[in-house]
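my_file-v3.cif follows (mmCIF, C-alpha atoms):
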```cif
data_upload
#
loop_
_atom_site.label_atom_id
_atom_site.label_comp_id
_atom_site.auth_asym_id
_atom_site.auth_seq_id
_atom_site.Cartn_x
_atom_site.Cartn_y
_atom_site.Cartn_z
CA GLN J 190 0.00 0.00 0.00
CA LYS J 191 1.49 3.29 -1.08
CA GLU J 192 0.71 6.04 1.43
CA VAL J 193 1.87 9.60 1.72
CA GLU J 194 0.92 11.45 4.88
CA GLN J 195 0.82 15.18 5.52
CA ASN J 196 -0.66 17.32 8.25
CA SER J 197 -3.63 19.02 6.61
CA GLY J 198 -3.24 22.23 8.64
CA PRO J 199 -3.97 25.01 8.32
CA LEU J 200 -0.44 26.03 9.15
CA SER J 201 -0.29 29.72 9.95
CA VAL J 202 3.08 31.49 9.68
CA PRO J 203 3.88 35.21 10.04
CA GLU J 204 5.20 37.01 6.97
CA GLY J 205 8.98 36.86 6.80
CA ALA J 206 9.26 33.74 8.96
CA ILE J 207 10.24 30.21 7.91
CA ALA J 208 7.41 27.84 6.98
CA SER J 209 8.16 24.16 7.57
CA LEU J 210 6.07 21.51 5.83
CA ASN J 211 6.47 17.82 6.52
CA CYS J 212 5.62 14.57 4.76
CA THR J 213 6.10 10.88 5.49
CA TYR J 214 5.75 7.98 3.10
CA SER J 215 5.24 4.28 3.61
CA ASP J 216 6.98 2.56 0.66
CA ARG J 217 10.72 2.11 1.19
CA GLY J 218 11.09 1.59 -2.55
CA SER J 219 10.25 5.24 -3.19
CA GLN J 220 12.96 6.94 -5.20
CA SER J 221 11.68 10.33 -6.26
CA PHE J 222 10.01 13.01 -4.19
CA PHE J 223 8.28 16.18 -5.20
CA TRP J 224 6.65 19.23 -3.70
CA TYR J 225 3.82 20.91 -5.57
CA ARG J 226 2.07 24.17 -4.76
CA GLN J 227 -1.63 24.39 -5.53
CA TYR J 228 -3.66 27.57 -5.31
CA SER J 229 -7.40 27.20 -4.79
CA GLY J 230 -9.11 26.18 -8.02
CA LYS J 231 -5.81 25.84 -9.90
CA SER J 232 -3.65 22.90 -10.92
CA PRO J 233 -0.53 21.75 -9.04
CA GLU J 234 2.70 23.57 -9.84
CA LEU J 235 6.04 21.82 -9.33
CA ILE J 236 8.17 23.60 -6.72
CA MET J 237 10.94 21.14 -5.92
CA SER J 238 12.14 17.66 -6.74
CA ILE J 239 14.61 15.67 -4.63
CA TYR J 240 16.12 12.25 -5.21
CA SER J 241 18.93 11.72 -2.68
CA ASN J 242 19.34 12.16 1.06
CA GLY J 243 20.16 15.62 2.28
CA ASP J 244 19.13 19.14 1.39
CA LYS J 245 18.37 20.74 -1.95
CA GLU J 246 18.01 24.50 -2.16
CA ASP J 247 16.31 26.60 -4.84
CA GLY J 248 15.86 30.25 -4.01
CA ARG J 249 13.70 30.56 -0.90
CA PHE J 250 12.82 26.87 -0.97
CA THR J 251 14.77 24.00 0.60
CA ALA J 252 13.71 20.37 0.31
CA GLN J 253 15.09 17.86 2.79
CA LEU J 254 15.05 14.07 2.36
CA ASN J 255 15.78 11.34 4.88
CA LYS J 256 15.13 7.94 3.33
CA ALA J 257 16.01 6.05 6.51
CA SER J 258 13.23 7.85 8.34
CA GLN J 259 10.99 7.93 5.24
CA TYR J 260 10.59 11.63 5.69
CA VAL J 261 10.68 14.59 3.32
CA SER J 262 10.19 18.24 4.18
CA LEU J 263 9.96 21.64 2.53
CA LEU J 264 11.21 24.85 4.10
CA ILE J 265 10.11 28.22 2.77
CA ARG J 266 12.29 31.10 3.96
CA ASP J 267 11.14 34.73 4.13
CA SER J 268 7.51 33.64 3.70
CA GLN J 269 5.33 35.94 1.62
CA PRO J 270 1.53 36.23 1.51
CA SER J 271 1.73 34.90 -2.06
CA ASP J 272 3.07 31.64 -0.61
CA SER J 273 -0.36 31.00 0.91
CA ALA J 274 -1.55 27.84 -0.83
CA THR J 275 -1.89 24.09 -0.37
CA TYR J 276 1.42 22.24 -0.62
CA LEU J 277 1.24 18.69 -1.92
CA CYS J 278 3.93 16.12 -1.25
CA ALA J 279 4.19 13.50 -4.00
CA VAL J 280 6.17 10.29 -4.29
CA ASN J 281 7.13 8.31 -7.38
CA ILE J 282 7.73 4.62 -6.81
CA PRO J 283 9.48 2.64 -9.56
CA ASP J 284 7.99 -0.64 -10.70
CA SER J 285 9.96 -3.80 -11.45
CA GLY J 286 10.21 -2.89 -15.12
CA GLY J 287 12.05 0.37 -14.52
CA GLY J 288 9.00 2.49 -15.06
CA ALA J 289 6.59 3.83 -12.49
CA ASP J 290 2.89 4.14 -11.92
CA GLY J 291 2.72 7.89 -11.63
CA LEU J 292 2.66 9.97 -8.49
CA THR J 293 1.08 9.17 -5.15
CA PHE J 294 0.07 12.40 -3.47
CA GLY J 295 -0.51 13.37 0.11
CA LYS J 296 -3.68 15.29 0.88
CA GLY J 297 -1.70 18.50 1.21
CA THR J 298 -0.97 21.06 3.89
CA HIS J 299 -2.87 24.33 3.74
CA LEU J 300 -0.37 27.13 4.44
CA ILE J 301 -1.46 30.62 5.44
CA ILE J 302 1.09 33.44 5.56
CA GLN J 303 -0.16 36.20 7.82
CA PRO J 304 0.82 39.76 6.75
CA ASP D 58 6.50 28.48 -24.40
CA ALA D 59 6.34 24.72 -24.03
CA MET D 60 3.23 23.76 -22.15
CA VAL D 61 0.40 21.38 -21.33
CA ILE D 62 -2.99 22.52 -22.58
CA GLN D 63 -6.37 21.21 -21.52
CA ASN D 64 -9.70 21.83 -23.18
CA PRO D 65 -12.26 22.74 -22.21
CA ARG D 66 -11.41 24.42 -18.92
CA TYR D 67 -14.95 23.94 -17.70
CA GLN D 68 -17.31 21.20 -18.84
CA VAL D 69 -20.92 20.71 -17.83
CA THR D 70 -22.64 17.47 -18.75
CA GLN D 71 -25.79 15.65 -17.84
CA PHE D 72 -25.96 12.47 -15.83
CA GLY D 73 -25.17 9.57 -18.18
CA LYS D 74 -24.19 11.73 -21.18
CA PRO D 75 -20.73 10.81 -22.52
CA VAL D 76 -18.05 13.46 -22.33
CA THR D 77 -14.52 13.76 -23.70
CA LEU D 78 -11.76 15.86 -22.19
CA SER D 79 -8.72 16.83 -24.20
CA CYS D 80 -5.06 17.31 -23.36
CA SER D 81 -2.23 18.39 -25.63
CA GLN D 82 1.44 19.09 -24.97
CA THR D 83 4.26 20.90 -26.74
CA LEU D 84 6.95 19.50 -24.42
CA ASN D 85 7.46 16.38 -26.58
CA HIS D 86 7.26 14.25 -23.45
CA ASN D 87 6.90 10.49 -23.69
CA VAL D 88 4.46 10.04 -20.83
CA MET D 89 1.01 11.51 -20.38
CA TYR D 90 -1.07 11.03 -17.23
CA TRP D 91 -4.67 11.63 -16.20
CA TYR D 92 -5.48 12.42 -12.58
CA GLN D 93 -8.82 13.03 -10.89
CA GLN D 94 -8.97 15.52 -8.04
CA LYS D 95 -12.12 15.95 -5.99
CA SER D 96 -12.65 18.89 -3.68
CA SER D 97 -10.17 18.99 -0.77
CA GLN D 98 -8.64 15.67 -1.83
CA ALA D 99 -5.32 14.64 -3.31
CA PRO D 100 -5.01 14.06 -7.04
CA LYS D 101 -5.61 10.40 -7.83
CA LEU D 102 -3.96 8.72 -10.82
CA LEU D 103 -6.45 7.19 -13.27
CA PHE D 104 -4.07 5.93 -15.97
CA HIS D 105 -1.07 6.90 -18.05
CA TYR D 106 0.48 6.32 -21.44
CA TYR D 107 4.18 5.68 -21.89
CA ASP D 108 4.42 6.33 -25.61
CA LYS D 109 1.62 4.08 -26.90
CA ASP D 110 1.65 1.70 -23.94
CA PHE D 111 -1.47 2.15 -21.83
CA ASN D 112 -1.27 1.62 -18.06
CA ASN D 113 -4.52 1.51 -16.14
CA GLU D 114 -4.70 1.83 -12.37
CA ALA D 115 -6.39 -1.19 -10.80
CA ASP D 116 -9.12 0.85 -9.13
CA THR D 117 -9.96 3.11 -12.09
CA PRO D 118 -13.62 2.47 -12.98
CA ASP D 119 -14.40 0.99 -16.40
CA ASN D 120 -16.47 4.10 -17.04
CA PHE D 121 -13.20 5.93 -17.69
CA GLN D 122 -11.30 5.32 -20.92
CA SER D 123 -8.37 7.03 -22.59
CA ARG D 124 -6.92 7.43 -26.06
CA ARG D 125 -3.56 8.72 -27.24
CA PRO D 126 -3.66 9.05 -31.02
CA ASN D 127 -0.20 10.66 -31.22
CA THR D 128 2.61 11.99 -29.02
CA SER D 129 0.99 15.37 -28.53
CA PHE D 130 -2.60 14.49 -27.69
CA CYS D 131 -4.38 12.42 -25.07
CA PHE D 132 -8.11 12.16 -24.40
CA LEU D 133 -10.15 11.14 -21.39
CA ASP D 134 -13.55 9.65 -22.18
CA ILE D 135 -16.17 9.27 -19.49
CA ARG D 136 -18.78 6.97 -20.95
CA SER D 137 -21.63 7.52 -18.50
CA PRO D 138 -20.84 10.28 -16.02
CA GLY D 139 -22.37 9.98 -12.59
CA LEU D 140 -22.73 12.65 -9.93
CA GLY D 141 -19.68 11.19 -8.19
CA ASP D 142 -17.53 11.91 -11.24
CA ALA D 143 -17.74 15.66 -10.73
CA ALA D 144 -14.15 16.72 -10.15
CA MET D 145 -11.13 18.51 -11.57
CA TYR D 146 -9.43 16.37 -14.19
CA LEU D 147 -5.73 17.00 -14.49
CA CYS D 148 -3.45 16.04 -17.34
CA ALA D 149 0.29 15.83 -16.69
CA THR D 150 3.36 14.91 -18.73
CA SER D 151 6.90 13.75 -18.07
CA ARG D 152 9.87 12.71 -20.22
CA ASP D 153 10.16 9.36 -18.46
CA PRO D 154 7.97 7.60 -15.86
CA GLY D 155 10.71 6.52 -13.47
CA LEU D 156 14.14 7.94 -14.37
CA ALA D 157 15.31 10.41 -11.75
CA GLY D 158 15.43 13.88 -13.18
CA ASP D 159 13.26 12.95 -16.16
CA ASN D 160 10.23 11.94 -14.14
CA GLU D 161 9.16 15.40 -13.05
CA GLN D 162 5.52 15.80 -13.95
CA PHE D 163 4.11 19.04 -15.29
CA PHE D 164 0.40 19.67 -15.05
CA GLY D 165 -2.01 21.39 -17.36
CA PRO D 166 -4.55 23.87 -15.97
CA GLY D 167 -7.21 21.18 -15.51
CA THR D 168 -10.79 20.71 -16.65
CA ARG D 169 -13.48 21.17 -14.04
CA LEU D 170 -16.33 18.77 -14.75
CA THR D 171 -19.82 19.39 -13.45
CA VAL D 172 -22.46 16.66 -13.73
CA LEU D 173 -26.10 17.74 -13.54
#
```
Let me see the file written as structure tokens.
Amino acid sequence: QKEVEQNSGPLSVPEGAIASLNCTYSDRGSQSFFWYRQYSGKSPELIMSIYSNGDKEDGRFTAQLNKASQYVSLLIRDSQPSDSATYLCAVNIPDSGGGADGLTFGKGTHLIIQP
Amino acid sequence: DAMVIQNPRYQVTQFGKPVTLSCSQTLNHNVMYWYQQKSSQAPKLLFHYYDKDFNNEADTPDNFQSRRPNTSFCFLDIRSPGLGDAAMYLCATSRDPGLAGDNEQFFGPGTRLTVL
């Protein structure tokens, strides 16, 4: 059973602070991990991808992966009101043929940045 | 700009009346996916095409079918929509389904389906 768990929130963070979003996954075979941002009524937008243990930074965003703990997180520095959205954690699990069955998503964390 | 396009953006149909949703891409990606997202829920994979190979999720109802006539286009057919099929339907593409770095999925804007 492929499961991706996120705290649904809402997570309220003051403007300019660091927002920390967390995600756990159940399948140890998971190889690829993604964070998507989704504004209300819109489609998911890829923010970060991460494939190996450690940190990956892109601008104000840092993704962190710990495969031993089956844990992936997203940090947003200097949070802005425009960061207010639902953040979806997604996991891609390879099949035995070298392909994959698409993404398994968590239900998302609703982030609110307070001005 | 390379992109994923979905038409129509909003679709209203009647209970039981077949409907077709369209997706096209200019990214020249090998894989095209269809997801269903209901209100306040996670996107759920329905099926995907890797080139011409069709991969159906085990729990996707038979009411949902898909066609990929060429690399650029993919269609979602709902043969007899029920009230429970009202949702946002998302098309996504990737270069490869599993290869790290090539398996990033990019979504179109979605089609919101209403069933009356």
Compile the contact shell of J:Ser215 as number ranges by chain: residues with an atom at most 9 Å away, counting all atoms listed in the file, same-chain residues fewer than 5 positions apart removed.
-> J: 190-194, 259
I need the residue set behind the PyMOL selection byres ((chain J) within 8 of (chain D)) for this file; please write it as a list in words.
->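 With the PyMOL selection byres ((chain J) within 8 of (chain D)) on this model, the match is Gln220, Ser221, Phe223, Lys231, Ser232, Pro233, Glu234, Leu235, Ser238, Tyr240, Leu277, Asn281, Ile282, Pro283, Gly287, Gly288, Ala289, Asp290, Gly291, Leu292, Thr293, Phe294, Gly295, Lys296 and Gly297 of chain J.
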Would you kindly identify which residues have an atom no farther than 6 Å from (-2.3, 27.5, 1.1), using all atoms listed in the file and the file's own coordinates, and write them out as a ChimeraX atom specification?
-> /J:273-275,299-301
Run the PyMOL selection byres ((chain J and resi 211) around 6) mentally over the shown coordinates, then write out the matched residues as a list of chain:residue names, using the chain letters and numbers from the document.
->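 Selected by the PyMOL selection byres ((chain J and resi 211) around 6) here: J:Leu210, J:Cys212, J:Ser262.
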Interatomic distance (Å, one decimal) between atom CA of J:Ser268 and atom CA of J:Arg226 = 13.8 Å
Selection dump of the PyMOL selection byres ((chain D and resi 67) around 8), as an mmCIF file with C-alpha atoms, keeping the file's coordinate frame:
```cif
data_model
loop_
_atom_site.group_PDB
_atom_site.id
_atom_site.type_symbol
_atom_site.label_atom_id
_atom_site.label_comp_id
_atom_site.auth_asym_id
_atom_site.auth_seq_id
_atom_site.Cartn_x
_atom_site.Cartn_y
_atom_site.Cartn_z
ATOM 1 C CA ASN D 64 -9.700 21.830 -23.180
ATOM 2 C CA PRO D 65 -12.260 22.740 -22.210
ATOM 3 C CA ARG D 66 -11.410 24.420 -18.920
ATOM 4 C CA GLN D 68 -17.310 21.200 -18.840
ATOM 5 C CA VAL D 69 -20.920 20.710 -17.830
ATOM 6 C CA THR D 168 -10.790 20.710 -16.650
ATOM 7 C CA ARG D 169 -13.480 21.170 -14.040
ATOM 8 C CA LEU D 170 -16.330 18.770 -14.750
ATOM 9 C CA THR D 171 -19.820 19.390 -13.450
#
```
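With atom CA of J:Phe250 on one side and atom CA of J:Trp224 on the other, the separation reads 10.2 Å.
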What gap, in Å, lies between atom CA of J:Ala206 and atom CA of J:Gln227?
->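 Computing it gives 20.4 Å between the two atoms.
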Best match for closeness to D:Val172 among D:Gln93, D:Gln63, D:Thr70, D:Ser123, counting all atoms listed in the file = D:Thr70
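Considering the residues J:Ile239, J:Ala208, J:Ala279, J:Val202 and counting all atoms listed in the file, J:Asn255 has its shortest atom-to-atom contact with J:Ile239.
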Skip D:Leu133 itself and residues of its chain fewer than 3 positions away, then list as a list in words all residues within 7 Å of it, counting only C-alpha atoms.
->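 Listed by chain and then number, they are Thr77, Leu78, Ser79, Gln122, Ser123 and Arg124 of chain D.
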Got a sec: who's within 12 Å of J:Arg249, counting only C-alpha atoms, leaving out chain neighbours fewer than 4 positions off, as number ranges by chain?
-> J: 205-209, 236-237, 245, 263-269, 272
For J:Gln253: contacts at 6 Å, only C-alpha atoms, fewer than 6 positions along chain excluded, given as a PyMOL selection string = chain J and resi 243-244+261-262
